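Quick look at run.cif (mmCIF, C-alpha atoms and all ligand atoms):
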data_my_file
loop_
_atom_site.label_atom_id
_atom_site.label_comp_id
_atom_site.auth_asym_id
_atom_site.auth_seq_id
_atom_site.Cartn_x
_atom_site.Cartn_y
_atom_site.Cartn_z
CA MET A 126 17.82 5.29 -5.68
CA THR A 127 17.34 2.42 -8.12
CA GLU A 128 14.91 0.44 -5.95
CA ILE A 129 12.15 2.86 -6.93
CA LEU A 130 12.05 3.45 -10.65
CA LYS A 131 10.39 6.61 -11.95
CA HIS A 132 9.13 6.81 -15.50
CA MET A 133 7.18 9.65 -17.05
CA ASP A 134 5.37 9.19 -20.36
CA GLY A 135 2.45 11.11 -21.83
CA GLY A 136 1.41 12.65 -18.52
CA VAL A 137 1.59 9.31 -16.69
CA LEU A 138 4.14 9.04 -13.86
CA THR A 139 4.87 5.41 -13.05
CA LEU A 140 6.59 4.49 -9.79
CA THR A 141 7.88 0.91 -9.82
CA PHE A 142 8.94 -1.05 -6.75
CA SER A 143 12.13 -2.69 -7.97
CA ARG A 144 13.62 -4.84 -5.24
CA VAL A 145 12.43 -8.22 -6.39
CA ASP A 146 15.16 -10.24 -4.59
CA LYS A 147 13.63 -9.00 -1.32
CA LYS A 148 10.08 -9.36 -2.63
CA ASN A 149 9.82 -5.59 -3.10
CA SER A 150 9.79 -5.08 0.66
CA LEU A 151 10.03 -1.37 1.37
CA THR A 152 12.80 0.32 3.35
CA GLU A 153 12.74 3.75 4.93
CA ALA A 154 14.96 5.03 2.09
CA MET A 155 12.38 3.77 -0.43
CA TYR A 156 9.53 5.40 1.50
CA ILE A 157 11.39 8.73 1.39
CA VAL A 158 11.79 8.49 -2.40
CA LEU A 159 8.14 7.48 -2.82
CA ALA A 160 6.77 10.15 -0.46
CA ASP A 161 8.85 12.86 -2.18
CA ALA A 162 7.88 11.64 -5.65
CA VAL A 163 4.17 11.71 -4.81
CA GLU A 164 4.50 15.17 -3.24
CA GLN A 165 6.26 16.50 -6.37
CA ALA A 166 3.76 14.78 -8.66
CA GLU A 167 0.92 16.57 -6.88
CA ARG A 168 2.51 19.94 -7.73
CA ASP A 169 3.82 19.05 -11.20
CA THR A 170 1.13 20.00 -13.71
CA THR A 171 2.70 17.77 -16.37
CA VAL A 172 1.82 14.74 -14.20
CA ARG A 173 -1.82 13.91 -14.90
CA VAL A 174 -2.01 10.33 -13.60
CA LEU A 175 0.05 8.32 -11.12
CA VAL A 176 0.67 4.58 -11.46
CA LEU A 177 2.10 2.31 -8.76
CA GLN A 178 3.37 -1.07 -9.82
CA GLY A 179 5.65 -3.92 -8.84
CA HIS A 180 6.81 -6.98 -10.73
CA GLU A 181 4.63 -9.66 -12.34
CA THR A 182 5.70 -12.04 -9.53
CA VAL A 183 5.39 -9.70 -6.54
CA PHE A 184 3.79 -6.36 -5.80
CA SER A 185 5.29 -5.81 -2.33
CA ALA A 186 6.04 -7.83 0.81
CA GLY A 187 5.33 -4.69 2.85
CA ASN A 188 7.81 -3.16 5.24
CA ASP A 189 11.33 -4.50 5.11
CA ILE A 190 11.32 -5.98 8.56
CA ALA A 191 15.02 -5.60 9.41
CA ASP A 192 15.10 -2.03 8.13
CA PHE A 193 11.84 -1.36 9.90
CA LEU A 194 13.37 -2.41 13.21
CA SER A 195 16.36 -0.13 12.74
CA HIS A 196 14.16 2.81 11.60
CA PRO A 197 10.88 2.27 13.45
CA PRO A 198 8.16 4.68 12.28
CA GLU A 199 7.40 5.98 15.75
CA THR A 200 5.91 9.35 14.86
CA PRO A 201 3.28 10.44 12.33
CA ASP A 202 6.06 12.23 10.39
CA ALA A 203 7.86 8.97 9.58
CA PRO A 204 8.38 8.51 5.81
CA VAL A 205 5.92 5.60 5.59
CA PHE A 206 3.13 7.70 7.12
CA ARG A 207 4.10 10.69 4.95
CA LEU A 208 3.74 8.48 1.85
CA LEU A 209 0.34 7.24 3.00
CA ARG A 210 -0.91 10.78 3.68
CA ASN A 211 0.39 11.97 0.30
CA ILE A 212 -1.30 9.13 -1.57
CA ALA A 213 -4.56 9.53 0.34
CA ALA A 214 -4.62 13.27 -0.41
CA PHE A 215 -3.42 12.97 -4.04
CA SER A 216 -5.85 14.95 -6.13
CA LYS A 217 -5.24 13.24 -9.49
CA PRO A 218 -6.04 9.64 -10.45
CA VAL A 219 -3.88 6.91 -8.89
CA LEU A 220 -3.82 3.44 -10.45
CA ALA A 221 -2.17 0.29 -9.14
CA ALA A 222 -1.01 -2.84 -10.95
CA VAL A 223 -0.78 -5.72 -8.47
CA ALA A 224 0.59 -9.18 -9.15
CA GLY A 225 1.81 -11.77 -6.66
CA PRO A 226 1.93 -11.04 -2.93
CA ALA A 227 0.67 -7.69 -1.65
CA VAL A 228 1.47 -7.75 2.07
CA GLY A 229 0.70 -5.12 4.71
CA ILE A 230 1.11 -1.71 3.11
CA GLY A 231 1.14 -3.58 -0.23
CA THR A 232 -2.58 -4.07 0.37
CA THR A 233 -3.50 -1.05 2.50
CA LEU A 234 -2.06 1.37 -0.07
CA LEU A 235 -4.67 0.07 -2.51
CA PHE A 236 -7.55 1.49 -0.46
CA HIS A 237 -6.30 4.91 -1.63
CA CYS A 238 -5.91 4.06 -5.30
CA ASP A 239 -8.74 4.96 -7.67
CA LEU A 240 -8.37 1.94 -9.92
CA VAL A 241 -6.67 -1.34 -9.06
CA TYR A 242 -5.91 -4.13 -11.52
CA ALA A 243 -4.62 -7.48 -10.35
CA GLY A 244 -2.90 -10.50 -11.78
CA ASP A 245 -4.67 -13.78 -11.11
CA ASN A 246 -1.64 -14.65 -8.94
CA ALA A 247 -2.27 -11.71 -6.59
CA VAL A 248 -2.54 -12.52 -2.87
CA PHE A 249 -3.58 -9.81 -0.44
CA VAL A 250 -2.75 -10.01 3.25
CA MET A 251 -2.83 -7.58 6.16
CA PRO A 252 -0.94 -9.46 8.91
CA PHE A 253 -0.77 -6.62 11.44
CA VAL A 254 -2.16 -8.57 14.39
CA ASN A 255 0.16 -11.48 13.61
CA LEU A 256 3.03 -8.99 13.80
CA GLY A 257 1.90 -7.59 17.16
CA VAL A 258 0.96 -4.20 15.72
CA CYS A 259 -2.24 -2.62 14.38
CA PRO A 260 -3.45 -1.60 10.90
CA GLU A 261 -2.25 1.52 9.07
CA ALA A 262 -3.32 3.58 6.06
CA ALA A 263 -6.82 3.95 7.54
CA SER A 264 -7.36 0.31 6.61
CA SER A 265 -9.16 -0.27 9.92
CA LEU A 266 -11.74 2.25 8.70
CA LEU A 267 -11.75 1.54 4.97
CA ALA A 268 -11.60 -2.28 5.03
CA PRO A 269 -14.85 -2.67 7.03
CA GLN A 270 -16.51 -0.07 4.78
CA MET A 271 -15.45 -1.82 1.59
CA MET A 272 -15.59 -5.49 2.58
CA GLY A 273 -18.20 -5.46 5.33
CA TYR A 274 -17.23 -5.84 8.98
CA HIS A 275 -16.98 -9.63 9.16
CA ARG A 276 -14.85 -10.06 6.05
CA ALA A 277 -12.64 -7.22 7.31
CA ALA A 278 -12.31 -9.04 10.64
CA ASP A 279 -11.19 -12.14 8.74
CA ALA A 280 -8.54 -10.09 6.96
CA LEU A 281 -7.50 -7.86 9.88
CA LEU A 282 -8.03 -9.93 13.05
CA LEU A 283 -7.15 -13.36 11.69
CA GLY A 284 -4.81 -11.89 9.07
CA GLU A 285 -6.19 -14.34 6.51
CA PRO A 286 -4.90 -13.84 2.95
CA PHE A 287 -7.36 -13.46 0.09
CA MET A 288 -6.88 -13.98 -3.62
CA ALA A 289 -7.50 -11.81 -6.67
CA GLU A 290 -11.01 -13.17 -7.32
CA ALA A 291 -12.06 -12.40 -3.72
CA ALA A 292 -10.55 -8.93 -4.04
CA LEU A 293 -12.60 -8.44 -7.21
CA GLU A 294 -15.76 -9.57 -5.44
CA ILE A 295 -15.32 -7.14 -2.53
CA GLY A 296 -14.48 -4.26 -4.87
CA LEU A 297 -10.82 -3.77 -3.94
CA VAL A 298 -9.86 -4.69 -7.50
CA ASN A 299 -11.43 -3.54 -10.78
CA ARG A 300 -10.33 -6.39 -12.98
CA VAL A 301 -8.27 -9.58 -12.84
CA LEU A 302 -5.83 -10.30 -15.66
CA PRO A 303 -2.96 -12.65 -16.48
CA PRO A 304 0.03 -11.41 -14.42
CA THR A 305 2.14 -10.66 -17.50
CA GLU A 306 -0.58 -8.33 -18.81
CA VAL A 307 -1.34 -6.29 -15.70
CA ASN A 308 1.30 -3.58 -16.03
CA SER A 309 0.57 -2.93 -19.72
CA TYR A 310 -3.19 -2.91 -19.12
CA VAL A 311 -2.76 -0.35 -16.35
CA GLN A 312 -0.62 1.83 -18.61
CA ALA A 313 -3.41 1.75 -21.22
CA GLN A 314 -6.02 2.71 -18.60
CA ALA A 315 -3.74 5.47 -17.30
CA ARG A 316 -3.29 6.89 -20.79
CA LYS A 317 -7.09 6.95 -21.23
CA LEU A 318 -7.37 8.99 -18.03
CA ALA A 319 -4.47 11.28 -18.98
CA ALA A 320 -6.38 12.26 -22.15
CA LYS A 321 -9.41 13.46 -20.14
CA PRO A 322 -9.88 17.00 -18.80
CA MET A 323 -7.86 17.28 -15.57
CA SER A 324 -10.25 19.75 -13.98
CA SER A 325 -13.12 17.25 -14.31
CA LEU A 326 -11.04 14.35 -13.07
CA ARG A 327 -9.81 16.25 -10.02
CA GLU A 328 -13.20 17.70 -9.13
CA THR A 329 -14.90 14.31 -9.53
CA LYS A 330 -12.30 12.60 -7.36
CA ARG A 331 -12.58 15.36 -4.74
CA LEU A 332 -16.36 14.99 -4.65
CA MET A 333 -16.21 11.19 -4.41
CA LYS A 334 -13.83 11.43 -1.46
CA ALA A 335 -15.16 14.59 0.19
CA GLY A 336 -17.50 12.77 2.55
CA GLN A 337 -14.67 11.36 4.58
CA ALA A 338 -11.36 12.87 3.46
CA GLN A 339 -10.78 14.47 6.87
CA ARG A 340 -11.92 11.39 8.72
CA VAL A 341 -9.45 9.25 6.76
CA GLN A 342 -6.54 11.57 7.62
CA GLN A 343 -7.59 11.64 11.29
CA HIS A 344 -7.93 7.86 11.37
CA MET A 345 -4.47 7.47 9.82
CA ASN A 346 -3.02 9.68 12.55
CA ASP A 347 -4.76 7.60 15.26
CA GLU A 348 -3.44 4.40 13.72
CA ALA A 349 0.08 5.85 13.35
CA ALA A 350 0.17 6.79 17.05
CA ALA A 351 -0.99 3.30 18.10
CA PHE A 352 1.35 1.61 15.61
CA GLY A 353 4.37 3.57 16.88
CA ARG A 354 3.51 2.69 20.49
CA MET A 355 2.87 -1.01 19.75
CA LEU A 356 6.16 -1.42 17.93
CA LYS A 357 7.97 -1.02 21.26
CA GLU A 358 5.79 -3.57 23.04
CA PRO A 359 6.60 -7.26 23.63
CA ALA A 360 4.19 -8.72 21.03
CA ALA A 361 5.84 -6.84 18.15
CA LYS A 362 9.31 -7.62 19.45
CA GLU A 363 8.42 -11.33 19.52
CA ALA A 364 6.79 -11.28 16.07
CA PHE A 365 9.57 -9.42 14.30
CA GLY A 366 12.27 -11.38 16.14
CA ALA A 367 10.60 -14.61 15.02
CA PHE A 368 10.51 -13.45 11.37
CA LEU A 369 14.22 -12.64 11.42
CA GLU A 370 15.05 -15.93 13.15
CA LYS A 371 12.78 -17.79 10.67
CA ARG A 372 10.70 -19.37 13.47
CA LYS A 373 7.06 -19.26 14.58
CA PRO A 374 6.27 -16.49 17.08
CA ASP A 375 5.12 -17.47 20.58
CA PHE A 376 2.40 -15.13 21.87
CA SER A 377 1.21 -17.53 24.57
CA LYS A 378 2.29 -15.22 27.43
CA LEU A 379 1.31 -11.94 25.75
N1 LIG B 401 11.21 -7.79 4.97
C1 LIG B 401 12.49 -8.17 4.75
N2 LIG B 401 12.83 -9.17 3.93
C2 LIG B 401 11.84 -9.81 3.30
C3 LIG B 401 10.47 -9.47 3.48
C4 LIG B 401 10.19 -8.41 4.36
N3 LIG B 401 8.92 -8.00 4.56
N4 LIG B 401 9.72 -10.29 2.72
C5 LIG B 401 10.56 -11.11 2.09
N5 LIG B 401 11.84 -10.83 2.44
C6 LIG B 401 13.07 -11.48 1.98
C7 LIG B 401 13.24 -12.85 2.65
O1 LIG B 401 13.84 -12.72 3.93
C8 LIG B 401 14.14 -13.53 1.64
O2 LIG B 401 15.44 -13.04 1.79
P1 LIG B 401 16.71 -14.06 1.65
O3 LIG B 401 16.64 -14.55 0.23
O4 LIG B 401 17.89 -13.18 1.91
O5 LIG B 401 16.49 -15.13 2.68
C9 LIG B 401 13.63 -12.99 0.30
O6 LIG B 401 12.97 -11.76 0.60
C10 LIG B 401 12.65 -13.91 -0.39
O7 LIG B 401 11.56 -14.14 0.51
P2 LIG B 401 10.86 -15.58 0.70
O8 LIG B 401 10.08 -15.53 1.97
O9 LIG B 401 11.88 -16.64 0.54
O10 LIG B 401 9.88 -15.58 -0.57
P3 LIG B 401 8.53 -16.40 -0.75
O11 LIG B 401 8.18 -16.29 -2.19
O12 LIG B 401 8.65 -17.77 -0.13
O13 LIG B 401 7.42 -15.60 0.11
C11 LIG B 401 6.28 -13.63 0.91
C12 LIG B 401 7.07 -14.29 -0.25
C13 LIG B 401 6.08 -12.17 0.57
C14 LIG B 401 4.93 -14.34 1.06
C15 LIG B 401 7.08 -13.82 2.22
O14 LIG B 401 8.41 -13.38 1.98
C16 LIG B 401 6.55 -13.04 3.39
O15 LIG B 401 5.55 -13.41 3.98
N6 LIG B 401 7.25 -11.96 3.78
C17 LIG B 401 6.96 -11.21 4.99
C18 LIG B 401 5.79 -10.29 4.77
C19 LIG B 401 5.53 -9.47 6.00
O16 LIG B 401 5.24 -9.95 7.06
N7 LIG B 401 5.65 -8.15 5.81
C20 LIG B 401 5.51 -7.18 6.83
C21 LIG B 401 4.26 -6.42 6.65
S1 LIG B 401 4.15 -5.09 7.84
#
What do you get writing this file as structure tokens?
Amino acid sequence: MTEILKHMDGGVLTLTFSRVDKKNSLTEAMYIVLADAVEQAERDTTVRVLVLQGHETVFSAGNDIADFLSHPPETPDAPVFRLLRNIAAFSKPVLAAVAGPAVGIGTTLLFHCDLVYAGDNAVFVMPFVNLGVCPEAASSLLAPQMMGYHRAADALLLGEPFMAEAALEIGLVNRVLPPTEVNSYVQAQARKLAAKPMSSLRETKRLMKAGQAQRVQQHMNDEAAAFGRMLKEPAAKEAFGAFLEKRKPDFSKL
């Protein structure tokens, strides 16, 4: 599958979203490759650090909407939810390089990365309500914790986008860079981590996350069940239909 590129160098496994003509929107086939790659990387002792990246113009437009409608993730075992669980439980450092739009899972995935670096062109948006569904990736738990409830409501209820500088201010992003420099900067940071003792990295990450690791997994399952149910309801049908027909959705009767 060429839409997810895998590159291993010096203990750093880099997974690149490579579907730029469709704004790196993610299909079920891509989720399967990603979920499997993360699962294998967890077991593979030669992988010391995982990097997720897109292109300097776009990180990811989230779910590929047409593909999503033909393969709706209706159960917690769906590939998208498997990927999210694998990333959330990944015991080694995960870094993300984000430039351009990061929509839906393009943003929620970042709550599970240890270090996130963004281009100054990065735009984060979680438009779940506007799509007639609900948040995933435990973002309805982690966004209020990280951003504060009211800013999370702005992002999750209104679905308002926010830029790289705002993401830096709320702590979703570690540093903002020129878009052309993000991927190489992240590789340099990943190599620094790969040179450190794995046992200390893993134990430190485990301890930082221990307080709510189980709660995060439970919350993801709750969200997945609601998401699967809501996908079949009229609001989602209207929202996704409107996207495909390139028109504004009409929720006035819903
Ligand atoms: N699913 C399927 N196709 C998508 C897509 C998605 N999530 N996002 C973009 N595309 C496709 C467009 O349909 C278009 O295809 P076409 O060239 O065959 O018409 C192509 O990618 C380029 O997208 P376009 O909207 O023209 O690019 P843009 O630079 O103007 O805007 C985005 C980029 C990401 C802001 C915009 O595409 C967008 O909002 N996408 C939808 C995001 C979304 O709602 N995701 C679902 C999250 S659950």
For segment 270-279 of chain A: contacts at 7 Å, all atoms listed in the file, fewer than 6 positions along chain excluded, given as a ChimeraX atom specification
/A:285,295-296
Deliver the residues from the most recent selection as a file, using C-alpha atoms, as a PDB file, keeping the file's coordinate frame.
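Result written to out_22.pdb:
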ATOM      1  CA  GLU A 285      -6.190 -14.340   6.510  1.00  0.00           C
ATOM      2  CA  ILE A 295     -15.320  -7.140  -2.530  1.00  0.00           C
ATOM      3  CA  GLY A 296     -14.480  -4.260  -4.870  1.00  0.00           C
TER       4      GLY A 296
END
Correct to one decimal, the distance atom C11 of ligand LIG 401 (chain B)-atom CA of Lys148 of chain A is 6.7 Å
Find the residues near Val223 of chain A: any atom within 12 Å, counting only C-alpha atoms, skip ones fewer than 4 places away on the same chain, and give them as a PyMOL selection string.
chain A and resi 141-142+149+176-186+227-228+231-232+234-235+238+240-249+288-289+292+297-311
Can you tell me, as a PDB file with C-alpha atoms, keeping the file's coordinate frame, what residues are no more than 6 Å from segment 253-260 of chain A when counting only C-alpha atoms, ignoring any on the same chain fewer than 3 positions away?
ATOM      1  CA  SER A 265      -9.160  -0.270   9.920  1.00  0.00           C
ATOM      2  CA  PHE A 352       1.350   1.610  15.610  1.00  0.00           C
ATOM      3  CA  MET A 355       2.870  -1.010  19.750  1.00  0.00           C
ATOM      4  CA  ALA A 360       4.190  -8.720  21.030  1.00  0.00           C
ATOM      5  CA  ALA A 361       5.840  -6.840  18.150  1.00  0.00           C
ATOM      6  CA  ALA A 364       6.790 -11.280  16.070  1.00  0.00           C
TER       7      ALA A 364
END
Restricting the calculation to all atoms listed in the file, which member of A:Leu209, A:Leu130, A:Leu379, A:Val219 is positioned closest to Ala319 of chain A?
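Checking each candidate against Ala319 of chain A, we get A:Val219 as the closest.
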Do you know which residues are within 7 Å of ligand LIG 401 (chain B) using only C-alpha atoms and all ligand atoms? Can you write them as a list of chain:residue names?
A:Asp146, A:Lys147, A:Lys148, A:Ser150, A:Ala186, A:Gly187, A:Asn188, A:Asp189, A:Ile190, A:Ala191, A:Pro226, A:Val228, A:Gly229, A:Ile230, A:Pro252, A:Phe253
Shell around Ala166 of chain A at 12 Å using only C-alpha atoms, local window under 3 positions removed, as number ranges by chain
A: 131-133, 136-140, 158-163, 169-176, 211-212, 214-219
Given 8 Å on each side, where is the centre and what are the edge lengths in Å to one decimal of the axis-aligned box enclosing the listed atoms of segment 263-274 of chain A, as lines of an AutoDock Vina configuration file?
center_x = -12.5
center_y = -0.9
center_z = 5.8
size_x = 27.4
size_y = 25.8
size_z = 24.3
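Take atom CA of Arg316 of chain A and atom CA of Asp134 of chain A: the distance between them is 9.0 Å.
Remark: for Phe193 of chain A, the closest of the candidate residues A:Leu281, A:Ala268, A:Ala291, A:Leu356 is A:Leu356 (distances computed over only C-alpha atoms).
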